[in-house]
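Peer 1: My structure is stored as query_6.txt, with compact mmCIF, N, CA and C atoms.
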```
# COMPACT_ATOMS: atom_id res chain seq x y z
N MET A 1 -114.67 56.40 -46.98
CA MET A 1 -113.74 55.45 -47.59
C MET A 1 -112.35 55.62 -47.00
N THR A 2 -111.66 54.49 -46.93
CA THR A 2 -110.29 54.52 -46.43
C THR A 2 -109.31 54.45 -47.59
N MET A 3 -108.05 54.57 -47.29
CA MET A 3 -106.99 54.46 -48.30
C MET A 3 -106.45 53.03 -48.36
N THR A 4 -107.21 52.09 -47.84
CA THR A 4 -106.78 50.70 -47.83
C THR A 4 -106.64 50.17 -49.25
N SER A 5 -105.52 49.52 -49.51
CA SER A 5 -105.29 48.85 -50.79
C SER A 5 -105.19 47.35 -50.54
N ILE A 6 -105.73 46.59 -51.48
CA ILE A 6 -105.76 45.13 -51.33
C ILE A 6 -105.39 44.48 -52.66
N SER A 7 -104.62 43.42 -52.57
CA SER A 7 -104.35 42.56 -53.71
C SER A 7 -104.58 41.12 -53.25
N ALA A 8 -105.48 40.43 -53.92
CA ALA A 8 -105.77 39.04 -53.58
C ALA A 8 -105.37 38.15 -54.76
N VAL A 9 -104.42 37.26 -54.52
CA VAL A 9 -103.97 36.32 -55.54
C VAL A 9 -104.53 34.96 -55.14
N ILE A 10 -105.41 34.43 -55.99
CA ILE A 10 -106.16 33.22 -55.67
C ILE A 10 -105.71 32.09 -56.59
N LYS A 11 -105.32 30.99 -55.98
CA LYS A 11 -104.98 29.77 -56.73
C LYS A 11 -105.97 28.70 -56.32
N THR A 12 -106.53 28.02 -57.31
CA THR A 12 -107.51 26.98 -57.03
C THR A 12 -107.44 25.88 -58.09
N ASN A 13 -107.84 24.70 -57.67
CA ASN A 13 -107.91 23.59 -58.63
C ASN A 13 -109.30 23.47 -59.25
N VAL A 14 -110.18 24.41 -58.93
CA VAL A 14 -111.51 24.44 -59.54
C VAL A 14 -111.34 24.76 -61.03
N PRO A 15 -112.04 24.03 -61.90
CA PRO A 15 -111.91 24.30 -63.34
C PRO A 15 -112.43 25.68 -63.72
N ARG A 16 -111.78 26.28 -64.69
CA ARG A 16 -112.15 27.62 -65.17
C ARG A 16 -113.63 27.71 -65.52
N GLN A 17 -114.17 26.68 -66.16
CA GLN A 17 -115.57 26.72 -66.59
C GLN A 17 -116.55 26.66 -65.42
N SER A 18 -116.08 26.32 -64.24
CA SER A 18 -116.94 26.28 -63.04
C SER A 18 -117.00 27.63 -62.32
N ILE A 19 -116.21 28.58 -62.78
CA ILE A 19 -116.16 29.90 -62.14
C ILE A 19 -117.04 30.85 -62.94
N ARG A 20 -118.05 31.41 -62.27
CA ARG A 20 -118.97 32.32 -62.95
C ARG A 20 -118.23 33.56 -63.45
N LYS A 21 -118.72 34.09 -64.55
CA LYS A 21 -118.08 35.25 -65.17
C LYS A 21 -118.05 36.47 -64.25
N ASP A 22 -119.01 36.58 -63.36
CA ASP A 22 -119.06 37.75 -62.47
C ASP A 22 -118.34 37.53 -61.14
N PHE A 23 -117.62 36.43 -61.01
CA PHE A 23 -116.96 36.11 -59.73
C PHE A 23 -116.01 37.22 -59.28
N LEU A 24 -115.13 37.68 -60.16
CA LEU A 24 -114.15 38.70 -59.76
C LEU A 24 -114.84 40.01 -59.39
N SER A 25 -115.91 40.34 -60.08
CA SER A 25 -116.68 41.55 -59.73
C SER A 25 -117.33 41.41 -58.36
N LYS A 26 -117.92 40.24 -58.10
CA LYS A 26 -118.54 40.01 -56.78
C LYS A 26 -117.49 40.03 -55.67
N LEU A 27 -116.33 39.45 -55.92
CA LEU A 27 -115.26 39.44 -54.93
C LEU A 27 -114.78 40.87 -54.66
N THR A 28 -114.62 41.66 -55.72
CA THR A 28 -114.21 43.05 -55.56
C THR A 28 -115.22 43.81 -54.71
N GLU A 29 -116.50 43.62 -54.99
CA GLU A 29 -117.56 44.28 -54.22
C GLU A 29 -117.51 43.86 -52.75
N TYR A 30 -117.33 42.55 -52.52
CA TYR A 30 -117.23 42.03 -51.15
C TYR A 30 -116.07 42.69 -50.41
N LEU A 31 -114.91 42.78 -51.06
CA LEU A 31 -113.73 43.37 -50.42
C LEU A 31 -113.91 44.86 -50.17
N CYS A 32 -114.55 45.57 -51.11
CA CYS A 32 -114.82 47.00 -50.92
C CYS A 32 -115.69 47.22 -49.69
N GLU A 33 -116.73 46.43 -49.56
CA GLU A 33 -117.64 46.57 -48.42
C GLU A 33 -116.97 46.17 -47.11
N THR A 34 -116.25 45.07 -47.14
CA THR A 34 -115.62 44.57 -45.91
C THR A 34 -114.53 45.50 -45.40
N TYR A 35 -113.75 46.09 -46.31
CA TYR A 35 -112.61 46.91 -45.90
C TYR A 35 -112.82 48.40 -46.16
N ASN A 36 -114.07 48.78 -46.46
CA ASN A 36 -114.44 50.18 -46.62
C ASN A 36 -113.47 50.94 -47.52
N THR A 37 -113.27 50.40 -48.72
CA THR A 37 -112.36 51.03 -49.66
C THR A 37 -112.98 51.04 -51.05
N GLU A 38 -112.36 51.75 -51.97
CA GLU A 38 -112.87 51.89 -53.33
C GLU A 38 -112.35 50.76 -54.22
N SER A 39 -113.11 50.45 -55.24
CA SER A 39 -112.72 49.36 -56.14
C SER A 39 -111.40 49.66 -56.85
N LYS A 40 -111.08 50.93 -57.05
CA LYS A 40 -109.82 51.26 -57.72
C LYS A 40 -108.60 50.88 -56.85
N ARG A 41 -108.83 50.56 -55.59
CA ARG A 41 -107.76 50.16 -54.68
C ARG A 41 -107.69 48.64 -54.48
N ILE A 42 -108.46 47.91 -55.27
CA ILE A 42 -108.54 46.45 -55.14
C ILE A 42 -108.01 45.79 -56.41
N ILE A 43 -107.12 44.83 -56.24
CA ILE A 43 -106.65 44.00 -57.35
C ILE A 43 -106.96 42.56 -56.98
N VAL A 44 -107.64 41.86 -57.87
CA VAL A 44 -107.91 40.44 -57.65
C VAL A 44 -107.51 39.67 -58.90
N GLU A 45 -106.91 38.54 -58.68
CA GLU A 45 -106.58 37.66 -59.80
C GLU A 45 -106.85 36.23 -59.36
N ILE A 46 -107.29 35.43 -60.32
CA ILE A 46 -107.58 34.03 -60.00
C ILE A 46 -106.85 33.14 -61.00
N HIS A 47 -106.29 32.07 -60.47
CA HIS A 47 -105.57 31.09 -61.27
C HIS A 47 -106.29 29.75 -61.11
N PRO A 48 -107.28 29.47 -61.98
CA PRO A 48 -108.01 28.20 -61.88
C PRO A 48 -107.19 27.06 -62.48
N ASP A 49 -107.71 25.86 -62.34
CA ASP A 49 -107.08 24.67 -62.94
C ASP A 49 -105.65 24.44 -62.45
N THR A 50 -105.34 24.91 -61.25
CA THR A 50 -104.00 24.75 -60.69
C THR A 50 -103.90 23.37 -60.04
N PRO A 51 -102.92 22.57 -60.44
CA PRO A 51 -102.76 21.28 -59.76
C PRO A 51 -102.43 21.52 -58.28
N MET A 52 -103.28 20.99 -57.39
CA MET A 52 -103.10 21.22 -55.96
C MET A 52 -103.50 19.98 -55.18
N MET A 53 -102.89 19.83 -54.01
CA MET A 53 -103.25 18.73 -53.12
C MET A 53 -103.07 19.20 -51.69
N ARG A 54 -104.00 18.80 -50.84
CA ARG A 54 -103.92 19.11 -49.42
C ARG A 54 -104.37 17.89 -48.65
N GLY A 55 -103.57 17.48 -47.71
CA GLY A 55 -103.92 16.31 -46.92
C GLY A 55 -104.05 15.05 -47.76
N GLY A 56 -103.32 14.99 -48.85
CA GLY A 56 -103.36 13.82 -49.73
C GLY A 56 -104.57 13.78 -50.64
N LEU A 57 -105.39 14.84 -50.63
CA LEU A 57 -106.60 14.87 -51.47
C LEU A 57 -106.54 16.03 -52.45
N SER A 58 -107.02 15.78 -53.65
CA SER A 58 -107.07 16.84 -54.66
C SER A 58 -108.50 17.37 -54.82
N ALA A 59 -109.32 17.21 -53.78
CA ALA A 59 -110.69 17.76 -53.79
C ALA A 59 -110.60 19.27 -53.96
N PRO A 60 -111.70 19.93 -54.38
CA PRO A 60 -111.66 21.38 -54.58
C PRO A 60 -111.06 22.10 -53.38
N MET A 61 -110.14 23.02 -53.67
CA MET A 61 -109.46 23.77 -52.64
C MET A 61 -109.00 25.10 -53.20
N MET A 62 -108.52 25.96 -52.31
CA MET A 62 -108.08 27.29 -52.72
C MET A 62 -107.06 27.83 -51.74
N ASN A 63 -106.05 28.50 -52.27
CA ASN A 63 -105.07 29.24 -51.47
C ASN A 63 -105.16 30.70 -51.90
N ILE A 64 -105.19 31.61 -50.93
CA ILE A 64 -105.27 33.04 -51.22
C ILE A 64 -104.11 33.74 -50.54
N GLU A 65 -103.35 34.49 -51.32
CA GLU A 65 -102.33 35.39 -50.78
C GLU A 65 -103.00 36.76 -50.74
N PHE A 66 -103.21 37.28 -49.54
CA PHE A 66 -103.98 38.50 -49.34
C PHE A 66 -103.07 39.62 -48.86
N TYR A 67 -102.70 40.51 -49.76
CA TYR A 67 -101.81 41.62 -49.46
C TYR A 67 -102.67 42.84 -49.12
N HIS A 68 -102.33 43.53 -48.03
CA HIS A 68 -103.14 44.66 -47.57
C HIS A 68 -102.28 45.67 -46.81
N ASN A 69 -102.86 46.84 -46.60
CA ASN A 69 -102.21 47.86 -45.76
C ASN A 69 -103.23 48.37 -44.74
N SER A 70 -103.98 47.47 -44.15
CA SER A 70 -105.10 47.82 -43.29
C SER A 70 -104.81 47.51 -41.82
N ASP A 71 -105.19 48.46 -40.96
CA ASP A 71 -105.10 48.23 -39.52
C ASP A 71 -106.22 47.32 -39.04
N VAL A 72 -107.23 47.11 -39.86
CA VAL A 72 -108.37 46.27 -39.50
C VAL A 72 -107.93 44.82 -39.31
N ILE A 73 -106.94 44.41 -40.09
CA ILE A 73 -106.44 43.03 -40.00
C ILE A 73 -105.23 43.01 -39.08
N SER A 74 -105.34 42.22 -38.01
CA SER A 74 -104.25 42.11 -37.05
C SER A 74 -104.12 40.64 -36.64
N GLN A 75 -103.18 40.37 -35.79
CA GLN A 75 -103.00 39.00 -35.28
C GLN A 75 -104.28 38.50 -34.61
N THR A 76 -104.98 39.40 -33.94
CA THR A 76 -106.17 38.97 -33.20
C THR A 76 -107.43 38.92 -34.07
N THR A 77 -107.43 39.62 -35.21
CA THR A 77 -108.65 39.64 -36.05
C THR A 77 -108.53 38.84 -37.34
N LYS A 78 -107.33 38.40 -37.68
CA LYS A 78 -107.18 37.76 -39.00
C LYS A 78 -107.97 36.45 -39.13
N ALA A 79 -108.17 35.72 -38.05
CA ALA A 79 -108.96 34.48 -38.12
C ALA A 79 -110.41 34.80 -38.50
N LYS A 80 -110.95 35.88 -37.93
CA LYS A 80 -112.31 36.31 -38.26
C LYS A 80 -112.41 36.70 -39.73
N HIS A 81 -111.42 37.43 -40.23
CA HIS A 81 -111.42 37.86 -41.62
C HIS A 81 -111.24 36.66 -42.56
N ALA A 82 -110.39 35.73 -42.18
CA ALA A 82 -110.19 34.53 -42.99
C ALA A 82 -111.47 33.71 -43.07
N THR A 83 -112.18 33.57 -41.96
CA THR A 83 -113.44 32.82 -41.95
C THR A 83 -114.47 33.48 -42.85
N GLY A 84 -114.57 34.80 -42.78
CA GLY A 84 -115.52 35.52 -43.63
C GLY A 84 -115.22 35.33 -45.11
N MET A 85 -113.94 35.43 -45.48
CA MET A 85 -113.55 35.24 -46.88
C MET A 85 -113.77 33.81 -47.31
N ALA A 86 -113.45 32.86 -46.44
CA ALA A 86 -113.63 31.44 -46.77
C ALA A 86 -115.11 31.14 -47.00
N LYS A 87 -115.98 31.71 -46.19
CA LYS A 87 -117.42 31.52 -46.38
C LYS A 87 -117.87 32.09 -47.72
N PHE A 88 -117.39 33.29 -48.06
CA PHE A 88 -117.73 33.90 -49.34
C PHE A 88 -117.28 33.00 -50.49
N MET A 89 -116.04 32.53 -50.43
CA MET A 89 -115.50 31.66 -51.48
C MET A 89 -116.27 30.35 -51.55
N GLY A 90 -116.62 29.81 -50.40
CA GLY A 90 -117.38 28.56 -50.35
C GLY A 90 -118.72 28.70 -51.03
N GLU A 91 -119.39 29.82 -50.79
CA GLU A 91 -120.69 30.04 -51.41
C GLU A 91 -120.56 30.27 -52.91
N GLU A 92 -119.56 31.02 -53.31
CA GLU A 92 -119.40 31.36 -54.73
C GLU A 92 -118.85 30.20 -55.57
N LEU A 93 -117.92 29.45 -55.02
CA LEU A 93 -117.22 28.42 -55.81
C LEU A 93 -117.45 27.00 -55.30
N ARG A 94 -118.30 26.86 -54.28
CA ARG A 94 -118.62 25.54 -53.73
C ARG A 94 -117.35 24.80 -53.27
N ILE A 95 -116.54 25.52 -52.52
CA ILE A 95 -115.34 24.94 -51.92
C ILE A 95 -115.58 24.88 -50.41
N PRO A 96 -115.40 23.71 -49.78
CA PRO A 96 -115.58 23.63 -48.33
C PRO A 96 -114.65 24.61 -47.60
N ILE A 97 -115.15 25.23 -46.57
CA ILE A 97 -114.39 26.23 -45.83
C ILE A 97 -113.05 25.69 -45.34
N ASP A 98 -113.03 24.43 -44.94
CA ASP A 98 -111.77 23.87 -44.43
C ASP A 98 -110.77 23.55 -45.55
N ARG A 99 -111.15 23.84 -46.79
CA ARG A 99 -110.24 23.64 -47.93
C ARG A 99 -109.78 24.98 -48.50
N VAL A 100 -110.01 26.06 -47.75
CA VAL A 100 -109.57 27.40 -48.15
C VAL A 100 -108.50 27.86 -47.17
N LEU A 101 -107.33 28.20 -47.70
CA LEU A 101 -106.23 28.72 -46.89
C LEU A 101 -105.99 30.17 -47.29
N ILE A 102 -105.96 31.06 -46.31
CA ILE A 102 -105.73 32.48 -46.58
C ILE A 102 -104.51 32.92 -45.79
N LEU A 103 -103.54 33.45 -46.51
CA LEU A 103 -102.32 33.97 -45.91
C LEU A 103 -102.34 35.49 -46.04
N PHE A 104 -102.23 36.20 -44.92
CA PHE A 104 -102.27 37.65 -44.90
C PHE A 104 -100.85 38.22 -44.90
N PHE A 105 -100.65 39.24 -45.74
CA PHE A 105 -99.38 39.93 -45.80
C PHE A 105 -99.63 41.43 -45.67
N ASP A 106 -99.15 42.04 -44.60
CA ASP A 106 -99.27 43.48 -44.40
C ASP A 106 -98.15 44.13 -45.20
N THR A 107 -98.51 44.84 -46.27
CA THR A 107 -97.49 45.39 -47.17
C THR A 107 -96.69 46.51 -46.52
N ARG A 108 -97.17 47.05 -45.43
CA ARG A 108 -96.39 48.09 -44.72
C ARG A 108 -95.19 47.47 -44.02
N LYS A 109 -95.22 46.16 -43.83
CA LYS A 109 -94.13 45.48 -43.12
C LYS A 109 -93.24 44.68 -44.07
N CYS A 110 -93.58 44.69 -45.36
CA CYS A 110 -92.77 43.96 -46.35
C CYS A 110 -91.61 44.83 -46.82
N THR A 111 -90.48 44.21 -47.01
CA THR A 111 -89.33 44.96 -47.51
C THR A 111 -88.80 44.35 -48.77
```
Could you write out this file's structure as structure tokens?
Peer 2:
Amino acid sequence: MTMTSISAVIKTNVPRQSIRKDFLSKLTEYLCETYNTESKRIIVEIHPDTPMMRGGLSAPMMNIEFYHNSDVISQTTKAKHATGMAKFMGEELRIPIDRVLILFFDTRKCT
């Protein structure tokens, strides 16, 4: 296990009742496996029913602010990590991959 810490803040216009009760647990497990870290180092929060629009459409969508301290995520690898997360979210919440935006923030560089 690494000392990687992650905080994922998820905003979506998907209704609360459409999100399975085990979603946050499954997401935590996915992040633990992907970033080789312990669940005690993962924080996830979801804000459903958020009024959102992208490209003039209010179809299901999601924005994720992904805070991390991992060397695994870099300028050259973040697209791969974003695609993997978008696929996971798409499968779990039935959101098209092109409607998921993930912004990465390396907390070691934040002041």
Peer 1: The residues within 8 Å of (-109.0, 21.6, -53.9), using only N, CA and C atoms and the coordinates of the file, should be reported as a tab-separated table (two decimals) with N, CA and C atoms, in the coordinates of the input; which are they?
Peer 2:
```
chain	number	residue	atom	x	y	z
A	12	THR	N	-106.53	28.02	-57.31
A	12	THR	CA	-107.51	26.98	-57.03
A	12	THR	C	-107.44	25.88	-58.09
A	13	ASN	N	-107.84	24.70	-57.67
A	13	ASN	CA	-107.91	23.59	-58.63
A	13	ASN	C	-109.30	23.47	-59.25
A	14	VAL	N	-110.18	24.41	-58.93
A	14	VAL	CA	-111.51	24.44	-59.54
A	14	VAL	C	-111.34	24.76	-61.03
A	51	PRO	N	-102.92	22.57	-60.44
A	51	PRO	CA	-102.76	21.28	-59.76
A	51	PRO	C	-102.43	21.52	-58.28
A	52	MET	N	-103.28	20.99	-57.39
A	52	MET	CA	-103.10	21.22	-55.96
A	52	MET	C	-103.50	19.98	-55.18
A	53	MET	N	-102.89	19.83	-54.01
A	53	MET	CA	-103.25	18.73	-53.12
A	53	MET	C	-103.07	19.20	-51.69
A	54	ARG	N	-104.00	18.80	-50.84
A	54	ARG	CA	-103.92	19.11	-49.42
A	54	ARG	C	-104.37	17.89	-48.65
A	57	LEU	N	-105.39	14.84	-50.63
A	57	LEU	CA	-106.60	14.87	-51.47
A	57	LEU	C	-106.54	16.03	-52.45
A	58	SER	N	-107.02	15.78	-53.65
A	58	SER	CA	-107.07	16.84	-54.66
A	58	SER	C	-108.50	17.37	-54.82
A	59	ALA	N	-109.32	17.21	-53.78
A	59	ALA	CA	-110.69	17.76	-53.79
A	59	ALA	C	-110.60	19.27	-53.96
A	60	PRO	N	-111.70	19.93	-54.38
A	60	PRO	CA	-111.66	21.38	-54.58
A	60	PRO	C	-111.06	22.10	-53.38
A	61	MET	N	-110.14	23.02	-53.67
A	61	MET	CA	-109.46	23.77	-52.64
A	61	MET	C	-109.00	25.10	-53.20
A	62	MET	N	-108.52	25.96	-52.31
A	62	MET	CA	-108.08	27.29	-52.72
A	62	MET	C	-107.06	27.83	-51.74
A	63	ASN	N	-106.05	28.50	-52.27
A	63	ASN	CA	-105.07	29.24	-51.47
A	63	ASN	C	-105.16	30.70	-51.90
A	95	ILE	N	-116.54	25.52	-52.52
A	95	ILE	CA	-115.34	24.94	-51.92
A	95	ILE	C	-115.58	24.88	-50.41
A	96	PRO	N	-115.40	23.71	-49.78
A	96	PRO	CA	-115.58	23.63	-48.33
A	96	PRO	C	-114.65	24.61	-47.60
A	99	ARG	N	-111.15	23.84	-46.79
A	99	ARG	CA	-110.24	23.64	-47.93
A	99	ARG	C	-109.78	24.98	-48.50
A	100	VAL	N	-110.01	26.06	-47.75
A	100	VAL	CA	-109.57	27.40	-48.15
A	100	VAL	C	-108.50	27.86	-47.17
```
Peer 1: Find, counting only C-alpha atoms, the residue in A:Glu91, A:Asp49, A:Asp71, A:Asp106 that gets nearest to Gln17 in chain A.
Peer 2: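 With only C-alpha atoms as the atom set, the closest residue is A:Asp49.
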Peer 1: Here is a test: counting all atoms listed in the file, which residue of A:Leu101, A:Ile73, A:Met85, A:Ile10 is nearest to Glu45 in chain A?
Peer 2: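 Between A:Leu101, A:Ile73, A:Met85, A:Ile10, the residue approaching Glu45 in chain A most closely is A:Ile10.
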Peer 1: Tell me, as a PyMOL selection string, which residues lie within 6 Å of range 22-38 of chain A, counting all atoms listed in the file; anything in the same chain fewer than 3 positions away does not count.
Peer 2: chain A and resi 1-2+4+19+41-42
Peer 1: Quote the spacing between CA of Gly90 in chain A and atom N of Arg108 in chain A in Å to one decimal place.
Peer 2: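 Rounded to one decimal, the two atoms are 27.8 Å apart.
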Peer 1: Go ahead and compute the interatomic distance for CA of Arg20 in chain A and CA of Ile46 in chain A, in Å to one decimal.
Peer 2: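 Between CA of Arg20 in chain A and CA of Ile46 in chain A the gap works out to 11.9 Å.
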Peer 1: Calculate how many Å separate CA of Thr83 in chain A from CA of Asn69 in chain A, rounding to one decimal.
Peer 2: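 Answer for the CA of Thr83 in chain A to CA of Asn69 in chain A separation: 19.2 Å.
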Peer 1: Could you go through chain A and tell me which residues DSSP, when run on the backbone, assigns to strand (DSSP E), listing them as an mmCIF file with N, CA and C atoms, keeping the file's coordinate frame?
Peer 2:
```cif
data_model
loop_
_atom_site.group_PDB
_atom_site.id
_atom_site.type_symbol
_atom_site.label_atom_id
_atom_site.label_comp_id
_atom_site.auth_asym_id
_atom_site.auth_seq_id
_atom_site.Cartn_x
_atom_site.Cartn_y
_atom_site.Cartn_z
ATOM 1 N N ILE A 6 -105.730 46.590 -51.480
ATOM 2 C CA ILE A 6 -105.760 45.130 -51.330
ATOM 3 C C ILE A 6 -105.390 44.480 -52.660
ATOM 4 N N SER A 7 -104.620 43.420 -52.570
ATOM 5 C CA SER A 7 -104.350 42.560 -53.710
ATOM 6 C C SER A 7 -104.580 41.120 -53.250
ATOM 7 N N ALA A 8 -105.480 40.430 -53.920
ATOM 8 C CA ALA A 8 -105.770 39.040 -53.580
ATOM 9 C C ALA A 8 -105.370 38.150 -54.760
ATOM 10 N N VAL A 9 -104.420 37.260 -54.520
ATOM 11 C CA VAL A 9 -103.970 36.320 -55.540
ATOM 12 C C VAL A 9 -104.530 34.960 -55.140
ATOM 13 N N ILE A 10 -105.410 34.430 -55.990
ATOM 14 C CA ILE A 10 -106.160 33.220 -55.670
ATOM 15 C C ILE A 10 -105.710 32.090 -56.590
ATOM 16 N N LYS A 11 -105.320 30.990 -55.980
ATOM 17 C CA LYS A 11 -104.980 29.770 -56.730
ATOM 18 C C LYS A 11 -105.970 28.700 -56.320
ATOM 19 N N THR A 12 -106.530 28.020 -57.310
ATOM 20 C CA THR A 12 -107.510 26.980 -57.030
ATOM 21 C C THR A 12 -107.440 25.880 -58.090
ATOM 22 N N ILE A 42 -108.460 47.910 -55.270
ATOM 23 C CA ILE A 42 -108.540 46.450 -55.140
ATOM 24 C C ILE A 42 -108.010 45.790 -56.410
ATOM 25 N N ILE A 43 -107.120 44.830 -56.240
ATOM 26 C CA ILE A 43 -106.650 44.000 -57.350
ATOM 27 C C ILE A 43 -106.960 42.560 -56.980
ATOM 28 N N VAL A 44 -107.640 41.860 -57.870
ATOM 29 C CA VAL A 44 -107.910 40.440 -57.650
ATOM 30 C C VAL A 44 -107.510 39.670 -58.900
ATOM 31 N N GLU A 45 -106.910 38.540 -58.680
ATOM 32 C CA GLU A 45 -106.580 37.660 -59.800
ATOM 33 C C GLU A 45 -106.850 36.230 -59.360
ATOM 34 N N ILE A 46 -107.290 35.430 -60.320
ATOM 35 C CA ILE A 46 -107.580 34.030 -60.000
ATOM 36 C C ILE A 46 -106.850 33.140 -61.000
ATOM 37 N N HIS A 47 -106.290 32.070 -60.470
ATOM 38 C CA HIS A 47 -105.570 31.090 -61.270
ATOM 39 C C HIS A 47 -106.290 29.750 -61.110
ATOM 40 N N MET A 62 -108.520 25.960 -52.310
ATOM 41 C CA MET A 62 -108.080 27.290 -52.720
ATOM 42 C C MET A 62 -107.060 27.830 -51.740
ATOM 43 N N ASN A 63 -106.050 28.500 -52.270
ATOM 44 C CA ASN A 63 -105.070 29.240 -51.470
ATOM 45 C C ASN A 63 -105.160 30.700 -51.900
ATOM 46 N N ILE A 64 -105.190 31.610 -50.930
ATOM 47 C CA ILE A 64 -105.270 33.040 -51.220
ATOM 48 C C ILE A 64 -104.110 33.740 -50.540
ATOM 49 N N GLU A 65 -103.350 34.490 -51.320
ATOM 50 C CA GLU A 65 -102.330 35.390 -50.780
ATOM 51 C C GLU A 65 -103.000 36.760 -50.740
ATOM 52 N N PHE A 66 -103.210 37.280 -49.540
ATOM 53 C CA PHE A 66 -103.980 38.500 -49.340
ATOM 54 C C PHE A 66 -103.070 39.620 -48.860
ATOM 55 N N TYR A 67 -102.700 40.510 -49.760
ATOM 56 C CA TYR A 67 -101.810 41.620 -49.460
ATOM 57 C C TYR A 67 -102.670 42.840 -49.120
ATOM 58 N N HIS A 68 -102.330 43.530 -48.030
ATOM 59 C CA HIS A 68 -103.140 44.660 -47.570
ATOM 60 C C HIS A 68 -102.280 45.670 -46.810
ATOM 61 N N VAL A 100 -110.010 26.060 -47.750
ATOM 62 C CA VAL A 100 -109.570 27.400 -48.150
ATOM 63 C C VAL A 100 -108.500 27.860 -47.170
ATOM 64 N N LEU A 101 -107.330 28.200 -47.700
ATOM 65 C CA LEU A 101 -106.230 28.720 -46.890
ATOM 66 C C LEU A 101 -105.990 30.170 -47.290
ATOM 67 N N ILE A 102 -105.960 31.060 -46.310
ATOM 68 C CA ILE A 102 -105.730 32.480 -46.580
ATOM 69 C C ILE A 102 -104.510 32.920 -45.790
ATOM 70 N N LEU A 103 -103.540 33.450 -46.510
ATOM 71 C CA LEU A 103 -102.320 33.970 -45.910
ATOM 72 C C LEU A 103 -102.340 35.490 -46.040
ATOM 73 N N PHE A 104 -102.230 36.200 -44.920
ATOM 74 C CA PHE A 104 -102.270 37.650 -44.900
ATOM 75 C C PHE A 104 -100.850 38.220 -44.900
ATOM 76 N N PHE A 105 -100.650 39.240 -45.740
ATOM 77 C CA PHE A 105 -99.380 39.930 -45.800
ATOM 78 C C PHE A 105 -99.630 41.430 -45.670
ATOM 79 N N ASP A 106 -99.150 42.040 -44.600
ATOM 80 C CA ASP A 106 -99.270 43.480 -44.400
ATOM 81 C C ASP A 106 -98.150 44.130 -45.200
#
```
Peer 1: Could you tell me which of A:Lys11, A:Met3, A:Ser18, A:Gly56 comes closest to Leu93 in chain A if we count all atoms listed in the file?
Peer 2: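 Comparing A:Lys11, A:Met3, A:Ser18, A:Gly56 against Leu93 in chain A, the winner is A:Ser18.
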Peer 1: Using all atoms listed in the file for the distances, tell me which of A:Lys109, A:Pro15, A:Met89, A:His68 is nearest to Pro48 in chain A.
Peer 2: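 Among the listed residues, A:Pro15 lies closest to Pro48 in chain A.
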Peer 1: Which residue gives the smallest distance to Thr107 in chain A among A:Phe66, A:Thr76, A:Ala82, A:Phe88, with all atoms listed in the file counted?
Peer 2: A:Phe66
Peer 1: Using backbone DSSP assignments, extract all alpha helix (DSSP H) residues from range 3-55 of chain A; output them as a list of chain:residue names.
Peer 2: A:Phe23, A:Leu24, A:Ser25, A:Lys26, A:Leu27, A:Thr28, A:Glu29, A:Tyr30, A:Leu31, A:Cys32, A:Glu33, A:Thr34, A:Tyr35
Peer 1: Write a file for range 41-78 of chain A of the given structure; include C-alpha atoms and format it as a PDB file, in the first residue's frame.
Peer 2:
```
ATOM      1  CA  ARG A  41      -7.029   7.542   2.818  1.00  0.00           C
ATOM      2  CA  ILE A  42     -10.017   8.043   0.495  1.00  0.00           C
ATOM      3  CA  ILE A  43     -12.732  10.677   0.847  1.00  0.00           C
ATOM      4  CA  VAL A  44     -15.630  10.667  -1.605  1.00  0.00           C
ATOM      5  CA  GLU A  45     -18.669  12.884  -1.640  1.00  0.00           C
ATOM      6  CA  ILE A  46     -21.470  13.148  -4.136  1.00  0.00           C
ATOM      7  CA  HIS A  47     -23.829  16.044  -4.763  1.00  0.00           C
ATOM      8  CA  PRO A  48     -26.781  14.708  -6.793  1.00  0.00           C
ATOM      9  CA  ASP A  49     -29.651  16.772  -8.198  1.00  0.00           C
ATOM     10  CA  THR A  50     -27.247  19.609  -9.068  1.00  0.00           C
ATOM     11  CA  PRO A  51     -28.602  21.903 -11.781  1.00  0.00           C
ATOM     12  CA  MET A  52     -26.051  21.526 -14.594  1.00  0.00           C
ATOM     13  CA  MET A  53     -25.750  22.157 -18.308  1.00  0.00           C
ATOM     14  CA  ARG A  54     -23.057  21.326 -20.830  1.00  0.00           C
ATOM     15  CA  GLY A  55     -23.167  22.199 -24.483  1.00  0.00           C
ATOM     16  CA  GLY A  56     -26.665  23.608 -24.027  1.00  0.00           C
ATOM     17  CA  LEU A  57     -27.989  20.237 -22.796  1.00  0.00           C
ATOM     18  CA  SER A  58     -29.039  19.201 -19.315  1.00  0.00           C
ATOM     19  CA  ALA A  59     -28.716  15.474 -20.114  1.00  0.00           C
ATOM     20  CA  PRO A  60     -27.102  13.374 -17.339  1.00  0.00           C
ATOM     21  CA  MET A  61     -23.594  14.619 -16.644  1.00  0.00           C
ATOM     22  CA  MET A  62     -20.969  14.756 -13.931  1.00  0.00           C
ATOM     23  CA  ASN A  63     -18.041  16.930 -12.855  1.00  0.00           C
ATOM     24  CA  ILE A  64     -15.383  15.480 -10.540  1.00  0.00           C
ATOM     25  CA  GLU A  65     -12.780  17.470  -8.634  1.00  0.00           C
ATOM     26  CA  PHE A  66     -10.101  14.850  -7.945  1.00  0.00           C
ATOM     27  CA  TYR A  67      -7.570  15.867  -5.295  1.00  0.00           C
ATOM     28  CA  HIS A  68      -4.544  13.571  -4.904  1.00  0.00           C
ATOM     29  CA  ASN A  69      -0.909  13.353  -3.845  1.00  0.00           C
ATOM     30  CA  SER A  70       0.086  10.598  -6.262  1.00  0.00           C
ATOM     31  CA  ASP A  71       3.011  10.381  -8.665  1.00  0.00           C
ATOM     32  CA  VAL A  72       0.908   7.943 -10.705  1.00  0.00           C
ATOM     33  CA  ILE A  73      -1.129  10.845 -12.095  1.00  0.00           C
ATOM     34  CA  SER A  74       0.877  13.164 -14.325  1.00  0.00           C
ATOM     35  CA  GLN A  75       0.359  15.331 -17.381  1.00  0.00           C
ATOM     36  CA  THR A  76       1.015  12.305 -19.576  1.00  0.00           C
ATOM     37  CA  THR A  77      -1.159   9.805 -17.648  1.00  0.00           C
ATOM     38  CA  LYS A  78      -4.123  11.872 -16.491  1.00  0.00           C
TER      39      LYS A  78
END
```
